[in-house]
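Visitor: Structure in structure tokens, see below.
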Amino acid sequence: MAALRTISRRLAWTRAAMGAPLILLLVLFLVYPVGQLLLLSVYGDNGFTLAQYRQLFASSVYVDVLLITLKISLVTTLVCIATGYPIAYLISVAGKDRKTTLLFWVLLSFWTSFLVRAFAWIVLLGRNGVINKTLISLGIISSPASLLYNFGSVLVGMVNALLPLAVLTMLSVMENIDRTLRRAAATLGARPGMAFWKIYFPLSLPGVAAAGIMVFVTAIGFFIVPALLGGRRETMITQLIIDQVQQTMNWGFAGAISVLLLLVVLIVFAAYDRLLGLSSMTGASAPRNAAPSRVFAPAQRAGDALLTLLGAISDGVLRLLPSRRRDRNPDQAGLGLRAFVWTMLLVISAPTILMIPLSFGTGGLNWPPQGFTLHWYETVLNSPVWTQALLRSLLVGIGTGLLAMLIGTPAAFLLVRSDIPGKAAWLAFILSPIVVPRMIIAVGLFYVFARMGLVGSAFGLILGHTVVAVPYVVMTMMAVLRNYDTRLDHAAQSLGARPLATLRYVTFPILGAGMMSSFLFAFATSFDELTIALFATGGLNATLPKQFWDEVTLQVSPAIAAVSTCLFVFMGLLIFVAERLRRRAAAR
């Protein structure tokens, strides 16, 4: 009996040691900073006060900015879902080689810097950009059109930035849908269109809902694209927070705006949890405590009727096609779908790719590029400002990757291999840095770092970047561990191997590729992170994204095109290496 208690006590201490570092990191550098920022909104020099909130709602300006933010975020979400669904569907049904190619281009767009893509759209939509020059050469317009600094340019930039996120979120659910269900429906007489709309589409709805909420929450906390591509009428609420902190140091009012932003996000998540349950974001079934089905019975009947109508329309269109195309395998994508997907992938990748010829041109950022020169690359390499920013980003990225992997990997083991109580709640807490708008985290960290003397330090940046990067490590390692055959560990132990020897010679060699992949994801997250660097650097020792932001907002130089090209190629190499490591891990 005493031996069992000793073993149980050791197991409890082991679990605590595995999960404590991550919990401590999030409590100290997420919960506490965000909590401090929110408290500043209700506590002033004279104690408790609601003056900040009275100021917030006294003028219609802030409410109008909130409505503009919601409008941009909602339209962005709808467009991303409508255009991303066919892309995710094609990737889910494609063969192995084609799936790898499609996924590479989606991941390349996903990890390419938001700054690079926003700057590329500035060049593309500018008065001397590709679109205006093309329209003038075709005789469609006689003078350059105003394509920048309006709602349309912001929407294009936001969709370009967040479409890959929507695709990857929906794909995670679509890949788990049993393909044989549609074939079974076909054997029972269902036409392809009806089988898709009545069987496949309802099963993919959790992915659609998850993608919608992820895109909306990310969009509502965005500031890069609206700041670079929008005008005064497209100001978003995060830009107000930046102004209050950087220009007036009004922490209380910045906290009040943050509370308003966080409240909107929490309402969205609460509504999602009420309707579908947060567990459905991973493709799981709705929770038992969901609302009674009779409450939604009219909506369900209306939805079923709509799907039946869409199925009938789709089958009617298919009957007009040649019989050879009409009778193809339901898992085989049609020519129209493939053309649409490749067109969208070209649209989201083309702006960044167009930076490559411009970076070698002698005519500045005007299109088409003229001549050939390496001057802009020499300018960047010979600039101590750019080289120091690059070295600092590499140092912070490597430190973030190592720290996130060391903290996140044991937590992933704990969540996958043990039956701890409240596992879903712990997972939700670990993933909270993805849910809380990045701007709120950044401002909260800035306030706490200022009191701790960490503003402008590499260590402070590493801590802040680890907070936002560690959820990706946990998710990556959990996926790797779920596919790991634990019988290999048991076999090693049955042959006399001690636990440490089992980890060293069996577990880690097999999981090494997955751990390296998670390190690269954390490194890429840190290397491209601007929001925290915008505050935590304190105007000194800028990282590469911070230096890029300063250059774009102060002056537009062809040297930025050279930096954009280098970042694009660098991220492509990272994704290629991560994919090779993922394949190696899957083959073991």
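Chain labels follow the order of the structure tokens: the first chain is A, the next B, and so on; residue numbering restarts at 1 in every chain, and ligands are counted from 1 in their shown order.
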Skipping near chain neighbours, those fewer than 3 positions away, what residues fall within 8 Å of Val225 of chain A using only C-alpha atoms, listed as a short mmCIF file (atom, residue, chain, number, x, y, z; two decimals) with N, CA, C and O atoms, in the first residue's frame?
Guide:
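For reference, part_12.cif as written:
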data_model
loop_
_atom_site.label_atom_id
_atom_site.label_comp_id
_atom_site.auth_asym_id
_atom_site.auth_seq_id
_atom_site.Cartn_x
_atom_site.Cartn_y
_atom_site.Cartn_z
N PHE A 114 3.33 39.14 -42.94
CA PHE A 114 2.22 40.05 -43.25
C PHE A 114 2.74 41.37 -43.81
O PHE A 114 2.13 41.96 -44.70
N LEU A 115 3.88 41.81 -43.28
CA LEU A 115 4.46 43.06 -43.76
C LEU A 115 4.87 42.96 -45.22
O LEU A 115 4.64 43.88 -46.01
N ALA A 118 1.69 42.96 -47.34
CA ALA A 118 1.04 44.27 -47.37
C ALA A 118 1.85 45.24 -48.23
O ALA A 118 1.27 46.01 -49.03
N VAL A 154 -8.08 47.46 -48.35
CA VAL A 154 -7.96 46.80 -47.05
C VAL A 154 -8.52 45.39 -47.11
O VAL A 154 -7.92 44.43 -46.60
N GLY A 157 -6.12 43.09 -48.97
CA GLY A 157 -4.97 42.76 -48.13
C GLY A 157 -5.32 41.84 -46.98
O GLY A 157 -4.56 40.92 -46.65
N MET A 158 -6.48 42.04 -46.36
CA MET A 158 -6.89 41.19 -45.25
C MET A 158 -7.18 39.77 -45.71
O MET A 158 -6.78 38.79 -45.06
N PHE A 222 -6.25 42.88 -35.98
CA PHE A 222 -5.24 43.20 -36.99
C PHE A 222 -4.98 44.70 -37.03
O PHE A 222 -5.88 45.50 -36.79
N LEU A 228 -1.38 50.17 -43.41
CA LEU A 228 -0.61 50.39 -44.63
C LEU A 228 -1.50 50.59 -45.86
O LEU A 228 -1.13 51.33 -46.77
N LEU A 229 -2.65 49.92 -45.91
CA LEU A 229 -3.48 49.96 -47.11
C LEU A 229 -4.76 50.78 -46.95
O LEU A 229 -5.43 51.06 -47.94
N GLY A 230 -5.12 51.13 -45.73
CA GLY A 230 -6.39 51.82 -45.50
C GLY A 230 -6.22 53.33 -45.34
O GLY A 230 -5.12 53.85 -45.16
#
Visitor: Quick one: residues within 7 Å of Met18 of chain A, only C-alpha atoms, excluding same-chain residues fewer than 6 positions away - as a ChimeraX atom specification?
Guide: /A:410-411,414
Visitor: Ranking A:Arg179, A:Arg580, A:Lys546, A:Lys96 by minimum distance to Ala389 of chain A and counting only C-alpha atoms, which one comes first?
Guide: A:Lys546
Visitor: Please, which residues of segment 314-555 of chain A, numbered as in this document, come out alpha helix (DSSP H) from DSSP, as a PyMOL selection string?
Guide: chain A and resi 314-319+323-326+335-353+355-359+375-381+384-417+423-430+432-435+438-452+458-482+487-494+499-502+508-527+531-536+544-554
Visitor: With distances taken over only C-alpha atoms, which residue among A:Gly311, A:Pro164, A:Pro33, A:Gly19 lies nearest Val448 of chain A?
Guide: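 Among A:Gly311, A:Pro164, A:Pro33, A:Gly19, it is A:Pro33 that comes nearest to Val448 of chain A.
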Visitor: Could you give me, as a ChimeraX atom specification, the residues within 12 Å of segment 56-60 of chain A, counting only C-alpha atoms and dropping anything in the same chain fewer than 4 positions from it?
Guide: /A:41,50-52,64-67,237,240-241,252-260
Visitor: In Å to one decimal, how far is atom CA of Asn541 of chain A from atom CA of Gly456 of chain A?
Guide: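 Value for the atom CA of Gly456 of chain A-atom CA of Asn541 of chain A distance: 6.5 Å.
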Visitor: Between A:Leu163, A:Leu345, A:Val34, A:Glu234, which has the minimum distance to Pro437 of chain A (counting only C-alpha atoms)?
Guide: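 Closest residue, counting only C-alpha atoms: A:Val34.
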Visitor: To one decimal place, how far is atom CA of Leu415 of chain A from atom CA of Leu427 of chain A in Å?
Guide: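 Result for atom CA of Leu415 of chain A versus atom CA of Leu427 of chain A: 7.7 Å, one decimal.
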Visitor: What separation in Å, quoted to one decimal, exists between atom CA of Leu262 of chain A and atom CA of Thr218 of chain A?
Guide: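 Atom CA of Leu262 of chain A sits 11.9 Å away from atom CA of Thr218 of chain A.
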Visitor: Using only C-alpha atoms for the distances, tell me which of A:Asn150, A:Gln55, A:Thr400, A:Ser314 is nearest to Gly464 of chain A.
Guide: A:Thr400
Visitor: Quick one: residues within 8 Å of Thr83 of chain A, only C-alpha atoms counted, chain neighbours fewer than 3 positions away excluded, as an MDAnalysis selection string?
Guide: chainID A and resid 79:80 86:87 163 344
Visitor: Could you please take those selected residues and save C-alpha atoms as a short mmCIF file (atom, residue, chain, number, x, y, z; two decimals), in the first residue's frame?
Guide:
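This is the output file again.cif:
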data_model
loop_
_atom_site.label_atom_id
_atom_site.label_comp_id
_atom_site.auth_asym_id
_atom_site.auth_seq_id
_atom_site.Cartn_x
_atom_site.Cartn_y
_atom_site.Cartn_z
CA VAL A 79 -14.74 36.03 -48.27
CA CYS A 80 -12.05 33.80 -46.74
CA PRO A 86 -12.76 24.91 -52.44
CA ILE A 87 -9.00 25.09 -51.80
CA LEU A 163 -7.06 33.08 -46.43
CA MET A 344 -6.52 31.70 -55.94
#
Visitor: Per residue of segment 81-134 of chain A within 12 Å of segment 569-573 of chain A, record the nearest atom pair and its distance in Å to one decimal, counting only C-alpha atoms, with rows in chain order and ascending residue number, as JSON lines.
Guide:
{"residue": "A:Phe104", "atom": "CA", "partner": "A:Gly572", "partner_atom": "CA", "distance": 8.5}
{"residue": "A:Trp105", "atom": "CA", "partner": "A:Gly572", "partner_atom": "CA", "distance": 9.0}
{"residue": "A:Val106", "atom": "CA", "partner": "A:Gly572", "partner_atom": "CA", "distance": 11.0}
{"residue": "A:Leu107", "atom": "CA", "partner": "A:Gly572", "partner_atom": "CA", "distance": 8.7}
{"residue": "A:Leu108", "atom": "CA", "partner": "A:Gly572", "partner_atom": "CA", "distance": 5.9}
{"residue": "A:Ser109", "atom": "CA", "partner": "A:Gly572", "partner_atom": "CA", "distance": 9.2}
{"residue": "A:Phe110", "atom": "CA", "partner": "A:Met571", "partner_atom": "CA", "distance": 9.8}
{"residue": "A:Trp111", "atom": "CA", "partner": "A:Met571", "partner_atom": "CA", "distance": 6.6}
{"residue": "A:Thr112", "atom": "CA", "partner": "A:Met571", "partner_atom": "CA", "distance": 6.3}
{"residue": "A:Ser113", "atom": "CA", "partner": "A:Met571", "partner_atom": "CA", "distance": 8.7}
{"residue": "A:Val116", "atom": "CA", "partner": "A:Met571", "partner_atom": "CA", "distance": 11.5}
